[in-house]
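J.: The structure that follows is given in the form of structure tokens.
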Amino acid sequence: MSTLIFTCPKTGRRFESGVDMERDTLVKVRGIVVRVHCAHCHEVHEQSIKDGHLSAAA
Ligand SMILES: [Zn+2]
């Protein structure tokens with residue numbers, strides 16, 4: 001299981017979404033938009049799954 005990581009549109013920095021999924025699952029739900037709390041600007045960003053990427057498996 002890997003954590004989905006997005007890039008903050010305000011700061012350009014990456015943050016962990018807290019959403020864990022398998023790579024196979026990501027392919028299936030890539031069109032879905034999720035609301036994720038950003039650790040950098042402390043706002044909620046709406047991000048498409050396909051705009052994120054998975055961290056290396058822990
Ligand atoms: Zn942000």
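Please note that chains go A, B, ... in the order of the structure tokens, that every chain numbers its residues from 1, and that ligands are numbered from 1 in the order shown.
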So that each row is one residue of chain A with an atom at most 9 Å from ligand 1, can you give its shortest atom pair and the distance in Å to one decimal, using only C-alpha atoms and all ligand atoms, rows by chain and rising number, as a tab-separated table?

T.:
```
residue	atom	partner	partner_atom_place_in_ligand_line	distance
A:Thr7	CA	ligand 1	1 (Zn)	7.7
A:Cys8	CA	ligand 1	1 (Zn)	4.1
A:Pro9	CA	ligand 1	1 (Zn)	5.9
A:Lys10	CA	ligand 1	1 (Zn)	5.4
A:Thr11	CA	ligand 1	1 (Zn)	6.2
A:Gly12	CA	ligand 1	1 (Zn)	7.8
A:Arg13	CA	ligand 1	1 (Zn)	7.7
A:Arg14	CA	ligand 1	1 (Zn)	8.6
A:Phe15	CA	ligand 1	1 (Zn)	8.1
A:His37	CA	ligand 1	1 (Zn)	7.6
A:Cys38	CA	ligand 1	1 (Zn)	4.6
A:Ala39	CA	ligand 1	1 (Zn)	6.7
A:His40	CA	ligand 1	1 (Zn)	5.2
A:Cys41	CA	ligand 1	1 (Zn)	4.3
A:His42	CA	ligand 1	1 (Zn)	6.1
A:Glu43	CA	ligand 1	1 (Zn)	5.7
A:Val44	CA	ligand 1	1 (Zn)	7.1
A:His45	CA	ligand 1	1 (Zn)	6.6
```

J.: Taking all heavy atoms for each residue, export the selection above as a compact mmCIF listing (two decimals), in the first residue's frame.

T.:
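part-v7.txt, freshly written:
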```txt
# COMPACT_ATOMS: atom_id res chain seq x y z
N THR A 7 0.75 17.72 -5.42
CA THR A 7 1.53 18.96 -5.35
C THR A 7 0.59 20.11 -5.03
O THR A 7 -0.43 20.30 -5.67
CB THR A 7 2.22 19.22 -6.70
OG1 THR A 7 3.08 18.12 -7.00
CG2 THR A 7 3.04 20.50 -6.63
N CYS A 8 0.93 20.88 -4.02
CA CYS A 8 0.12 22.02 -3.61
C CYS A 8 0.12 23.07 -4.72
O CYS A 8 1.19 23.51 -5.15
CB CYS A 8 0.71 22.61 -2.32
SG CYS A 8 -0.07 24.16 -1.86
N PRO A 9 -1.05 23.50 -5.19
CA PRO A 9 -1.11 24.49 -6.26
C PRO A 9 -0.64 25.87 -5.83
O PRO A 9 -0.30 26.71 -6.67
CB PRO A 9 -2.60 24.50 -6.65
CG PRO A 9 -3.31 23.99 -5.46
CD PRO A 9 -2.38 23.02 -4.79
N LYS A 10 -0.59 26.14 -4.55
CA LYS A 10 -0.16 27.45 -4.06
C LYS A 10 1.34 27.52 -3.83
O LYS A 10 1.98 28.51 -4.16
CB LYS A 10 -0.89 27.77 -2.74
CG LYS A 10 -2.32 28.23 -2.95
CD LYS A 10 -2.83 28.90 -1.69
CE LYS A 10 -4.15 29.59 -1.95
NZ LYS A 10 -4.64 30.29 -0.74
N THR A 11 1.89 26.48 -3.21
CA THR A 11 3.30 26.53 -2.84
C THR A 11 4.17 25.69 -3.76
O THR A 11 5.40 25.81 -3.75
CB THR A 11 3.50 26.02 -1.40
OG1 THR A 11 3.19 24.63 -1.35
CG2 THR A 11 2.60 26.78 -0.42
N GLY A 12 3.55 24.81 -4.56
CA GLY A 12 4.32 23.96 -5.44
C GLY A 12 5.03 22.84 -4.71
O GLY A 12 5.85 22.13 -5.30
N ARG A 13 4.71 22.68 -3.43
CA ARG A 13 5.36 21.63 -2.65
C ARG A 13 4.47 20.40 -2.57
O ARG A 13 3.25 20.49 -2.62
CB ARG A 13 5.66 22.15 -1.24
CG ARG A 13 6.64 23.30 -1.25
CD ARG A 13 6.74 23.94 0.11
NE ARG A 13 7.34 23.03 1.09
CZ ARG A 13 7.47 23.33 2.39
NH1 ARG A 13 7.03 24.47 2.85
NH2 ARG A 13 8.03 22.47 3.21
N ARG A 14 5.09 19.27 -2.43
CA ARG A 14 4.34 18.02 -2.37
C ARG A 14 3.85 17.76 -0.95
O ARG A 14 4.51 18.11 0.02
CB ARG A 14 5.24 16.86 -2.81
CG ARG A 14 5.56 16.92 -4.29
CD ARG A 14 6.50 15.80 -4.65
NE ARG A 14 6.79 15.82 -6.10
CZ ARG A 14 7.61 14.96 -6.68
NH1 ARG A 14 8.23 14.05 -5.98
NH2 ARG A 14 7.81 15.03 -7.98
N PHE A 15 2.69 17.17 -0.87
CA PHE A 15 2.18 16.78 0.44
C PHE A 15 1.45 15.45 0.34
O PHE A 15 0.89 15.11 -0.69
CB PHE A 15 1.26 17.87 1.01
CG PHE A 15 -0.01 18.09 0.21
CD1 PHE A 15 -1.20 17.47 0.59
CD2 PHE A 15 0.01 18.91 -0.90
CE1 PHE A 15 -2.36 17.68 -0.14
CE2 PHE A 15 -1.15 19.11 -1.64
CZ PHE A 15 -2.34 18.50 -1.26
N HIS A 37 -6.59 17.76 2.55
CA HIS A 37 -6.04 18.85 3.35
C HIS A 37 -4.55 18.98 3.09
O HIS A 37 -3.81 18.00 3.09
CB HIS A 37 -6.28 18.57 4.84
CG HIS A 37 -5.68 19.61 5.73
ND1 HIS A 37 -4.48 19.43 6.37
CD2 HIS A 37 -6.11 20.85 6.06
CE1 HIS A 37 -4.20 20.52 7.07
NE2 HIS A 37 -5.17 21.39 6.90
N CYS A 38 -4.11 20.21 2.85
CA CYS A 38 -2.73 20.47 2.50
C CYS A 38 -1.92 20.83 3.74
O CYS A 38 -2.32 21.70 4.52
CB CYS A 38 -2.69 21.62 1.49
SG CYS A 38 -1.02 22.12 1.07
N ALA A 39 -0.78 20.18 3.89
CA ALA A 39 0.06 20.40 5.06
C ALA A 39 0.85 21.71 4.96
O ALA A 39 1.40 22.18 5.94
CB ALA A 39 1.02 19.23 5.23
N HIS A 40 0.91 22.30 3.76
CA HIS A 40 1.73 23.50 3.56
C HIS A 40 0.95 24.79 3.73
O HIS A 40 1.35 25.68 4.46
CB HIS A 40 2.39 23.45 2.19
CG HIS A 40 3.29 22.26 2.03
ND1 HIS A 40 4.34 22.01 2.87
CD2 HIS A 40 3.25 21.23 1.15
CE1 HIS A 40 4.93 20.89 2.50
NE2 HIS A 40 4.29 20.39 1.47
N CYS A 41 -0.21 24.90 3.05
CA CYS A 41 -0.98 26.14 3.16
C CYS A 41 -2.22 25.95 4.02
O CYS A 41 -2.98 26.89 4.22
CB CYS A 41 -1.34 26.67 1.77
SG CYS A 41 -2.43 25.60 0.84
N HIS A 42 -2.43 24.74 4.50
CA HIS A 42 -3.52 24.42 5.43
C HIS A 42 -4.89 24.72 4.84
O HIS A 42 -5.82 25.07 5.54
CB HIS A 42 -3.34 25.17 6.76
CG HIS A 42 -2.04 24.80 7.43
ND1 HIS A 42 -1.82 23.58 8.02
CD2 HIS A 42 -0.88 25.49 7.56
CE1 HIS A 42 -0.59 23.53 8.51
NE2 HIS A 42 0.00 24.68 8.23
N GLU A 43 -4.99 24.58 3.54
CA GLU A 43 -6.29 24.68 2.89
C GLU A 43 -6.66 23.31 2.34
O GLU A 43 -5.83 22.40 2.31
CB GLU A 43 -6.24 25.71 1.75
CG GLU A 43 -6.06 27.13 2.27
CD GLU A 43 -6.12 28.16 1.14
OE1 GLU A 43 -6.39 27.77 0.00
OE2 GLU A 43 -5.88 29.34 1.44
N VAL A 44 -7.90 23.19 1.90
CA VAL A 44 -8.34 21.95 1.27
C VAL A 44 -8.29 22.12 -0.24
O VAL A 44 -8.86 23.06 -0.78
CB VAL A 44 -9.76 21.58 1.73
CG1 VAL A 44 -10.27 20.35 0.96
CG2 VAL A 44 -9.77 21.30 3.23
N HIS A 45 -7.57 21.25 -0.91
CA HIS A 45 -7.45 21.33 -2.36
C HIS A 45 -8.27 20.21 -2.99
O HIS A 45 -8.28 19.10 -2.49
CB HIS A 45 -5.99 21.16 -2.80
CG HIS A 45 -5.07 22.19 -2.24
ND1 HIS A 45 -5.32 23.54 -2.33
CD2 HIS A 45 -3.89 22.07 -1.59
CE1 HIS A 45 -4.33 24.20 -1.76
NE2 HIS A 45 -3.45 23.34 -1.29
```

J.: At a cut-off of 12 Å, using only C-alpha atoms, what residues contact Asp24 of chain A? Leave out same-chain residues fewer than 6 positions from it and give the result as a PyMOL selection string.

T.: chain A and resi 1-2+30+54

J.: How many Å lie between atom CA of Ile49 of chain A and atom CA of Asp20 of chain A, rounded to one decimal?

T.: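 Separation of atom CA of Ile49 of chain A and atom CA of Asp20 of chain A: 11.6 Å.
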
J.: Run DSSP on the backbone and tell me which residues of segment 20-58 of chain A come out as helix (DSSP H, G or I); list them as a list in words.

T.: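 Written out, the helix (DSSP H, G or I) residues of segment 20-58 of chain A are Arg23, Asp24, Thr25, Leu26, Val27, Lys28, Ile49, Lys50 and Asp51 of chain A.
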
J.: Near segment 16-19 of chain A, counting only C-alpha atoms, which residues have an atom at most 6 Å away, once you skip same-chain residues fewer than 6 positions from it, shown as a PDB file with C-alpha atoms, in the first residue's frame?

T.:
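Saved file around22.pdb follows:
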```
ATOM      1  CA  THR A   3       0.221   6.935   0.004  1.00  0.00           C
ATOM      2  CA  LEU A   4      -1.098   9.231  -2.672  1.00  0.00           C
ATOM      3  CA  ILE A   5       0.950  12.432  -2.923  1.00  0.00           C
ATOM      4  CA  VAL A  36      -7.423  16.740   0.542  1.00  0.00           C
TER       5      VAL A  36
END
```

J.: How many Å separate atom CA of His53 of chain A from atom CA of Arg35 of chain A?

T.: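 Atom CA of Arg35 of chain A lies 15.2 Å from atom CA of His53 of chain A.
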
J.: Provide the atom CA of Met21 of chain A to atom CA of Val33 of chain A distance in Å, to one decimal place.

T.: 14.7 Å

J.: Need to verify the contact set: Gly31 of chain A, 12 Å, only C-alpha atoms, exclusion of same-chain residues closer than 6 positions in sequence. Can you return it as a count of residues only?

T.: 7

J.: Among chain A, which residues does DSSP mark as strand (DSSP E or B) when it is run on the backbone? Keep the chain and numbering as in the structure and answer as a ChimeraX atom specification.

T.: /A:2-7,14-21,33-37,44-48,53-54
